[in-house]
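**Q** Structure file data_5.cif (mmCIF, C-alpha atoms) right here:
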data_start
#
loop_
_atom_site.label_atom_id
_atom_site.label_comp_id
_atom_site.auth_asym_id
_atom_site.auth_seq_id
_atom_site.Cartn_x
_atom_site.Cartn_y
_atom_site.Cartn_z
CA MET Y 1 164.20 22.34 118.08
CA VAL Y 2 166.29 24.70 120.09
CA LEU Y 3 167.75 23.36 123.35
CA LEU Y 4 168.44 26.19 125.76
CA GLN Y 5 169.61 26.70 129.30
CA PRO Y 6 166.76 27.21 131.79
CA ASP Y 7 167.12 30.99 132.04
CA PRO Y 8 167.19 31.81 128.32
CA PHE Y 9 164.33 29.35 127.93
CA LEU Y 10 162.26 31.36 130.39
CA ASN Y 11 163.01 34.56 128.50
CA GLU Y 12 161.98 33.02 125.21
CA LEU Y 13 158.84 31.60 126.79
CA THR Y 14 157.91 35.05 128.02
CA SER Y 15 158.29 36.54 124.58
CA MET Y 16 156.23 33.68 123.13
CA PHE Y 17 153.38 34.50 125.46
CA GLU Y 18 153.64 38.17 124.64
CA HIS Y 19 153.56 37.57 120.90
CA SER Y 20 150.57 35.28 120.98
CA THR Y 21 148.12 37.49 122.81
CA GLU Y 22 146.08 38.54 119.76
CA LYS Y 23 146.19 35.27 117.94
CA GLY Y 24 147.81 31.93 118.48
CA THR Y 25 148.49 29.33 121.13
CA VAL Y 26 151.29 28.44 123.47
CA TRP Y 27 151.87 24.77 124.24
CA VAL Y 28 154.12 23.67 127.09
CA THR Y 29 155.00 20.01 127.57
CA LEU Y 30 156.63 18.45 130.60
CA LYS Y 31 158.18 15.02 130.47
CA ARG Y 32 160.65 13.02 132.45
CA SER Y 33 163.69 11.93 130.51
CA SER Y 34 167.17 10.75 131.14
CA LEU Y 35 168.31 12.31 127.87
CA LYS Y 36 170.18 9.17 126.91
CA SER Y 37 169.51 6.75 124.10
CA LYS Y 38 168.09 3.33 124.78
CA VAL Y 39 171.44 1.66 124.13
CA GLN Y 40 173.19 3.85 126.66
CA ARG Y 41 170.40 3.27 129.17
CA ASN Y 42 170.66 -0.49 128.85
CA LYS Y 43 174.40 -0.32 129.27
CA MET Y 44 174.07 1.80 132.37
CA ALA Y 45 171.46 -0.45 133.84
CA ALA Y 46 173.64 -3.49 133.22
CA ALA Y 47 176.64 -1.81 134.79
CA GLY Y 48 174.60 -0.94 137.85
CA GLU Y 49 174.94 2.81 137.47
CA PRO Y 50 171.99 4.86 138.71
CA LEU Y 51 170.32 6.75 135.90
CA GLU Y 52 170.09 10.48 136.30
CA TYR Y 53 166.65 11.72 135.37
CA ARG Y 54 165.83 15.23 134.31
CA CYS Y 55 162.63 17.03 133.56
CA LEU Y 56 162.35 17.97 129.91
CA ILE Y 57 160.32 21.06 129.17
CA ARG Y 58 159.27 22.00 125.67
CA ALA Y 59 157.38 25.07 124.54
CA THR Y 60 156.02 25.98 121.13
CA ASN Y 61 153.83 28.57 119.54
CA GLY Y 62 153.15 26.39 116.55
CA LYS Y 63 156.03 27.82 114.55
CA LYS Y 64 158.98 27.86 116.85
CA THR Y 65 159.91 25.25 119.44
CA ILE Y 66 162.23 25.76 122.36
CA SER Y 67 163.22 23.32 125.03
CA THR Y 68 165.24 22.95 128.17
CA SER Y 69 166.00 20.29 130.70
CA VAL Y 70 165.88 20.81 134.42
CA GLY Y 71 167.53 18.63 137.02
CA PRO Y 72 166.50 18.06 140.64
CA LYS Y 73 168.80 20.80 141.93
CA ASP Y 74 167.52 23.64 139.74
CA HIS Y 75 163.91 22.51 139.50
CA GLN Y 76 162.62 24.55 142.41
CA ARG Y 77 164.08 27.78 141.14
CA PHE Y 78 162.83 27.07 137.64
CA GLN Y 79 159.36 26.20 138.84
CA ALA Y 80 159.11 29.45 140.78
CA SER Y 81 160.08 31.53 137.72
CA TYR Y 82 157.82 29.47 135.49
CA ALA Y 83 154.87 30.01 137.82
CA THR Y 84 155.51 33.75 137.81
CA ILE Y 85 155.50 33.87 134.02
CA LEU Y 86 152.27 31.93 133.80
CA LYS Y 87 150.55 34.07 136.40
CA ALA Y 88 151.63 37.21 134.58
CA HIS Y 89 150.33 36.09 131.21
CA MET Y 90 147.20 34.11 131.84
CA THR Y 91 145.17 37.20 132.19
CA SER Y 92 142.39 36.40 129.75
CA LEU Y 93 140.83 33.74 131.97
CA LYS Y 94 137.56 34.64 133.63
CA LYS Y 95 137.45 35.51 137.26
CA ARG Y 96 134.59 33.99 139.14
CA GLU Y 97 132.98 36.90 140.91
CA ARG Y 98 129.59 35.38 141.43
CA LYS Y 99 129.35 33.61 144.71
CA ASP Y 100 127.13 30.56 144.67
CA LYS Y 101 125.67 31.52 148.04
CA LYS Y 102 123.97 34.52 146.52
CA LYS Y 103 121.80 32.34 144.31
CA VAL Y 104 119.78 30.89 147.19
CA PRO Y 105 119.49 33.51 149.90
CA GLY Y 106 116.01 32.39 150.97
CA ALA Y 107 116.96 28.85 151.84
CA ASP Y 108 119.58 29.90 154.35
CA LYS Y 109 117.17 32.16 156.16
CA LYS Y 110 114.56 29.46 156.29
CA GLU Y 111 116.98 26.94 157.70
CA GLY Y 112 118.23 29.33 160.31
CA GLY Y 113 114.82 30.44 161.37
CA SER Y 114 113.23 27.04 161.62
CA LYS Y 115 112.07 26.89 165.15
CA LYS Y 116 109.82 24.09 166.16
CA PRO Y 117 106.42 25.62 166.82
CA LYS Y 118 105.19 22.59 168.75
CA ARG Y 119 106.84 22.36 172.09
CA ALA Y 120 105.33 20.00 174.50
CA MET T 121 139.05 12.72 124.42
CA VAL T 122 138.44 12.15 128.07
CA TYR T 123 137.62 15.49 129.66
CA ILE T 124 137.50 15.32 133.42
CA THR T 125 135.18 17.70 135.16
CA SER T 126 136.53 17.53 138.69
CA TRP T 127 139.92 19.12 139.28
CA ASP T 128 140.78 16.87 142.21
CA GLU T 129 139.99 13.79 140.23
CA PHE T 130 142.18 15.02 137.40
CA VAL T 131 145.10 15.57 139.77
CA GLU T 132 144.62 12.23 141.50
CA ARG T 133 144.46 10.26 138.26
CA SER T 134 147.34 12.14 136.65
CA ALA T 135 149.60 11.38 139.60
CA GLN T 136 148.59 7.71 139.45
CA LEU T 137 149.22 7.59 135.73
CA PHE T 138 152.65 9.08 136.17
CA ARG T 139 153.65 6.76 139.00
CA ALA T 140 152.52 3.76 136.98
CA ASP T 141 154.68 4.67 133.98
CA PRO T 142 157.03 7.58 134.62
CA ASP T 143 159.01 7.18 131.43
CA SER T 144 156.18 7.59 128.98
CA THR T 145 153.83 9.91 130.83
CA ARG T 146 153.83 13.53 129.72
CA TYR T 147 151.93 16.61 130.78
CA VAL T 148 150.88 19.10 128.13
CA MET T 149 149.45 22.55 128.66
CA LYS T 150 147.82 24.59 125.91
CA TYR T 151 146.92 28.21 126.43
CA ARG T 152 145.05 30.48 124.02
CA HIS T 153 144.95 34.06 125.13
CA CYS T 154 142.62 35.17 122.34
CA ASP T 155 140.00 32.60 123.38
CA GLY T 156 140.81 32.78 127.07
CA LYS T 157 141.07 29.00 127.33
CA LEU T 158 143.44 26.65 129.07
CA VAL T 159 143.60 22.91 128.38
CA LEU T 160 145.68 20.41 130.31
CA LYS T 161 146.47 16.91 129.11
CA VAL T 162 148.22 14.04 130.84
CA THR T 163 148.86 10.93 128.82
CA ASP T 164 151.02 7.84 128.83
CA ASP T 165 150.15 7.11 125.21
CA LYS T 166 147.70 4.45 126.35
CA GLU T 167 145.35 6.49 128.42
CA CYS T 168 144.62 10.20 128.16
CA LEU T 169 143.21 12.58 130.72
CA LYS T 170 142.24 16.12 129.84
CA PHE T 171 140.98 19.13 131.69
CA LYS T 172 139.78 22.35 130.12
CA THR T 173 138.87 25.64 131.72
CA ASP T 174 138.42 29.34 131.24
CA GLN T 175 138.57 30.22 134.94
CA ALA T 176 141.38 32.15 136.56
CA GLN T 177 141.04 30.15 139.78
CA ASP T 178 141.93 27.00 137.85
CA ALA T 179 145.15 28.65 136.71
CA LYS T 180 146.17 28.87 140.36
CA LYS T 181 145.33 25.21 140.89
CA MET T 182 147.30 24.39 137.77
CA GLU T 183 150.36 26.05 139.25
CA LYS T 184 150.24 23.65 142.16
CA LEU T 185 149.87 20.77 139.74
CA ASN T 186 152.90 22.09 137.86
CA ASN T 187 154.86 21.96 141.08
CA ILE T 188 153.81 18.38 141.65
CA PHE T 189 154.87 17.35 138.19
CA PHE T 190 158.17 19.19 138.37
CA THR T 191 158.99 17.44 141.63
CA LEU T 192 157.93 14.02 140.39
CA MET T 193 159.74 14.32 137.11
CA SER T 194 163.03 15.74 138.23
CA ARG T 195 163.36 13.79 141.44
CA GLY T 196 161.72 10.54 140.45
CA PRO T 197 158.26 9.01 140.86
CA ASP T 198 158.88 8.05 144.45
CA ALA T 199 159.59 11.62 145.40
CA ASP T 200 157.92 13.16 148.36
CA VAL T 201 155.14 15.17 146.75
CA SER T 202 154.23 17.59 149.45
CA GLU T 203 152.17 20.31 147.88
CA VAL T 204 152.19 23.83 149.17
CA THR T 205 148.96 23.16 151.02
CA GLY T 206 150.04 19.65 151.91
CA LYS T 207 147.13 17.89 150.30
CA GLU T 208 148.79 14.59 149.48
CA GLN T 209 150.99 14.29 152.53
CA THR T 210 148.81 15.03 155.48
CA GLU T 211 151.16 13.34 157.93
CA ALA T 212 153.88 15.91 157.77
CA GLN T 213 153.61 19.07 159.85
CA PRO T 214 150.09 18.97 161.21
CA GLY T 215 150.83 21.80 163.60
CA LYS T 216 151.10 24.51 161.00
CA LYS T 217 147.54 24.35 159.83
CA GLY T 218 144.56 24.63 162.07
CA ARG T 219 142.87 27.02 164.43
CA GLY T 220 144.78 27.98 167.50
CA ARG T 221 148.24 27.02 168.45
CA LYS T 222 148.54 24.07 170.70
CA GLN T 223 152.26 23.72 171.12
#
Please render this file's structure as structure tokens.

**A**
Amino acid sequence: MVLLQPDPFLNELTSMFEHSTEKGTVWVTLKRSSLKSKVQRNKMAAAGEPLEYRCLIRATNGKKTISTSVGPKDHQRFQASYATILKAHMTSLKKRERKDKKKVPGADKKEGGSKKPKRA
Amino acid sequence: MVYITSWDEFVERSAQLFRADPDSTRYVMKYRHCDGKLVLKVTDDKECLKFKTDQAQDAKKMEKLNNIFFTLMSRGPDADVSEVTGKEQTEAQPGKKGRGRKQ
């Protein structure tokens, strides 16, 4: 498991996506963690220190795993870059071009043109 | 595996799951380019919610969900989760959205 800084992690993630276009999967896991062992956490809680939580991000292509941890200060920048990478690579998903309205064109016309014939 | 069909329900329940147990809840995304499929999973190791899709529009929705999770996880479960469109927090900034400017 390779722990990287956020920026190298993003570069590696990009290359993972690029290498798995023909075959293979990319998994990305997000989890909250304080990155401290249970013993340390209990000690800190007892001492009254506030625990610093970070967001742990792991990515794997089944063979290689990379990870990084992002704190509250850098999370917005990271999330913007991450979103860009995903948008750039998730190109094989289908685009919905059919509009549902086209399926029932008759119904709309009928509803619009329903004038009451009986007017007293 | 519990596959949820409605996106909004998936988001709603995932956020609830996370707030209930922030330390053990994790969000997993699996993407297969060759099959053109995306699967999302949120679990706290007791309950599991999944969502699968092959639609590009869901990828955009997933990005917003990513933002939510990033915010919740790095800032804490009580963080102010104001999405880009402001779905969860409708109190803040009502003037920006809407037809016509009444200011």

**Q** Please evaluate the PyMOL selection byres ((chain T) within 6 of (chain Y)) against the structure above and give the resulting residues as a list in words.

**A** Arg146, Tyr147, Val148, Met149, Lys150, Tyr151, Arg152, His153, Cys154, Gly156, Asp174, Gln175, Ala176, Met193, Ser194 and Arg195 of chain T

**Q** Neighbouring residues of Y:Val2 were defined as those with any atom within 8 Å, considering all atoms listed in the file; residues of the same chain fewer than 3 positions away were excluded. Please report them as a VMD selection string.

**A** chain Y and resid 65 to 67

**Q** How would you write as a PyMOL selection string the residues that get within 10 Å of (156.8, 9.4, 141.8) in the file's frame, counting only C-alpha atoms?

**A** chain T and resi 135-142+188-189+191-201

**Q** Between atom CA of T:Asn187 and atom CA of Y:Arg77, what distance in Å does the model show, to one decimal?

**A**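 Separation of atom CA of T:Asn187 and atom CA of Y:Arg77: 10.9 Å.
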
**Q** Between atom CA of Y:Ser81 and atom CA of Y:Thr68, what is the spacing in Å?

**A** 13.8 Å

**Q** Can you work out which one of Y:Ser15, Y:Asn42, Y:Leu35, Y:Ile85 has the shortest atom-to-atom distance to Y:Leu3, counting all atoms listed in the file?

**A** Y:Leu35
